[in-house]
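S.K.: This is the structure I want to talk about, given as structure tokens.
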Amino acid sequence: MSPSDLQNEIMKRLRVLLENFPLDTKGAVPLSDNDITPFKVFRQSLPETLHDMDDYREEDEKDKDVYPFAIVNLPGGQQESYGASQIEPIAILIGIKNKDRDNRGFSDVVEVVQVIMDNFNANPIVNDLYVMQYPIKWLPYEEENTFPYFFAQIEMRFEIETTTYRGGLDDDERKW
């Protein structure tokens with residue numbers, strides 16, 4: 001059980017949860033009334049450039065390589081004492097592109113946040129190993145106008161059981 005394993009399990013869960021999530025993006029060639037472009041789920045941050053500088057596709061086509069996305073980030077961790085469980089914070093960053101001038105993209109982001117929070121409230125244990133700790137926090141990114149891109153972050157914490165040395169060889173018998 002490690003923070004990396006927790007990150008992998010949450011990524012798997014988000015891929016299933018957001019697989020057919022409908023967004024009100026109404027692109028140039030909509031798939032239906034709502035766009036069901038699958039969410040991309042990334043580890044830790046967005047990958048380095050997903051397209052070359054010489055890529056002459058339209059900006060909307062390039063953005064489909066990235067948006068909509070969820071990033072599962074490990075911002076650190078904490079263990080209070082020897083043998084105590086480790087507390088691992090997880091940050092999930094959500095990014096959506098929506099060109100509608102009525103800021104519908106913000107509503108899309110909030111709906112995704114709610115679906116994720118509802119899912120973890122209904123099942124706060126990940127892979128029968130990692131127990132979510134309350135509170136769950138979420139916040140939108142509003143420091144500057146990022147239109148037509150909209151972002152929000154969910155912050156959760158999980159308890160990870162820590163393995164401890166239980167005995168066996170005495171220190172002077174160990175082969176270092």
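Chain labels run A, B, ... following the order of the structure tokens; each chain numbers its residues from 1, and ligands are numbered from 1 in the order shown.
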Neighbouring residues of range 104-113 of chain A were defined as those with any atom within 8 Å, considering only C-alpha atoms; residues of the same chain fewer than 2 positions away were excluded. Please report them as a ChimeraX atom specification.

M.R.: /A:23-25,94-102,115-117,138,148-154

S.K.: Any idea what's packed within 9 Å of Met156 in chain A, counting only C-alpha atoms, ignoring anything in its chain fewer than 4 positions away? Could you give it as a PyMOL selection string?

M.R.: chain A and resi 88-92+132-138

S.K.: Got time to write the residues from that selection, C-alpha atoms, as a PDB file, in the first residue's frame?

M.R.:
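Output below, filename result36.pdb:
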```
ATOM      1  CA  GLU A  88      -2.205  11.139   2.033  1.00  0.00           C
ATOM      2  CA  PRO A  89      -3.873  14.201   0.529  1.00  0.00           C
ATOM      3  CA  ILE A  90      -5.164  13.869  -3.017  1.00  0.00           C
ATOM      4  CA  ALA A  91      -5.985  16.822  -5.256  1.00  0.00           C
ATOM      5  CA  ILE A  92      -8.159  16.255  -8.314  1.00  0.00           C
ATOM      6  CA  MET A 132     -11.189   8.590   2.902  1.00  0.00           C
ATOM      7  CA  GLN A 133     -11.054  11.085   5.768  1.00  0.00           C
ATOM      8  CA  TYR A 134     -13.347  14.091   6.004  1.00  0.00           C
ATOM      9  CA  PRO A 135     -13.637  16.935   5.170  1.00  0.00           C
ATOM     10  CA  ILE A 136     -13.775  16.927   1.367  1.00  0.00           C
ATOM     11  CA  LYS A 137     -13.110  20.381  -0.070  1.00  0.00           C
ATOM     12  CA  TRP A 138     -13.585  21.806  -3.511  1.00  0.00           C
TER      13      TRP A 138
END
```

S.K.: Counting only C-alpha atoms, which residues of range 59-173 of chain A sit at most 9 Å from some atom of range 2-22 of chain A, and what is each one's closest atom pair with its distance in Å to one decimal, listed by chain and rising residue number, as a Markdown table?

M.R.:
```
| residue | atom | partner | partner_atom | distance |
| --- | --- | --- | --- | --- |
| A:Ala70 | CA | A:Leu14 | CA | 8.0 |
| A:Ile71 | CA | A:Met11 | CA | 8.3 |
| A:Val72 | CA | A:Met11 | CA | 6.6 |
| A:Asn73 | CA | A:Gln7 | CA | 7.5 |
| A:Leu74 | CA | A:Gln7 | CA | 7.3 |
| A:Gly77 | CA | A:Pro3 | CA | 8.3 |
| A:Glu88 | CA | A:Pro3 | CA | 6.7 |
| A:Ile90 | CA | A:Gln7 | CA | 7.8 |
| A:Asp108 | CA | A:Pro22 | CA | 8.9 |
| A:Val112 | CA | A:Phe21 | CA | 8.2 |
| A:Val115 | CA | A:Leu17 | CA | 8.3 |
| A:Ile116 | CA | A:Leu17 | CA | 7.7 |
| A:Asn119 | CA | A:Leu17 | CA | 8.2 |
| A:Val126 | CA | A:Glu9 | CA | 6.9 |
| A:Asn127 | CA | A:Glu9 | CA | 6.7 |
| A:Leu129 | CA | A:Leu6 | CA | 8.6 |
| A:Tyr130 | CA | A:Leu6 | CA | 7.1 |
| A:Phe158 | CA | A:Leu6 | CA | 8.6 |
| A:Ile160 | CA | A:Ser2 | CA | 7.2 |
| A:Glu161 | CA | A:Ser2 | CA | 8.7 |
| A:Thr162 | CA | A:Ser2 | CA | 8.6 |
```

S.K.: Have a look at CA of Ile87 in chain A and CA of Asp118 in chain A and let me know their distance in Å, one decimal.

M.R.: 21.4 Å

S.K.: Interatomic distance between CA of Arg157 in chain A and CA of Asn121 in chain A?

M.R.: 12.6 Å
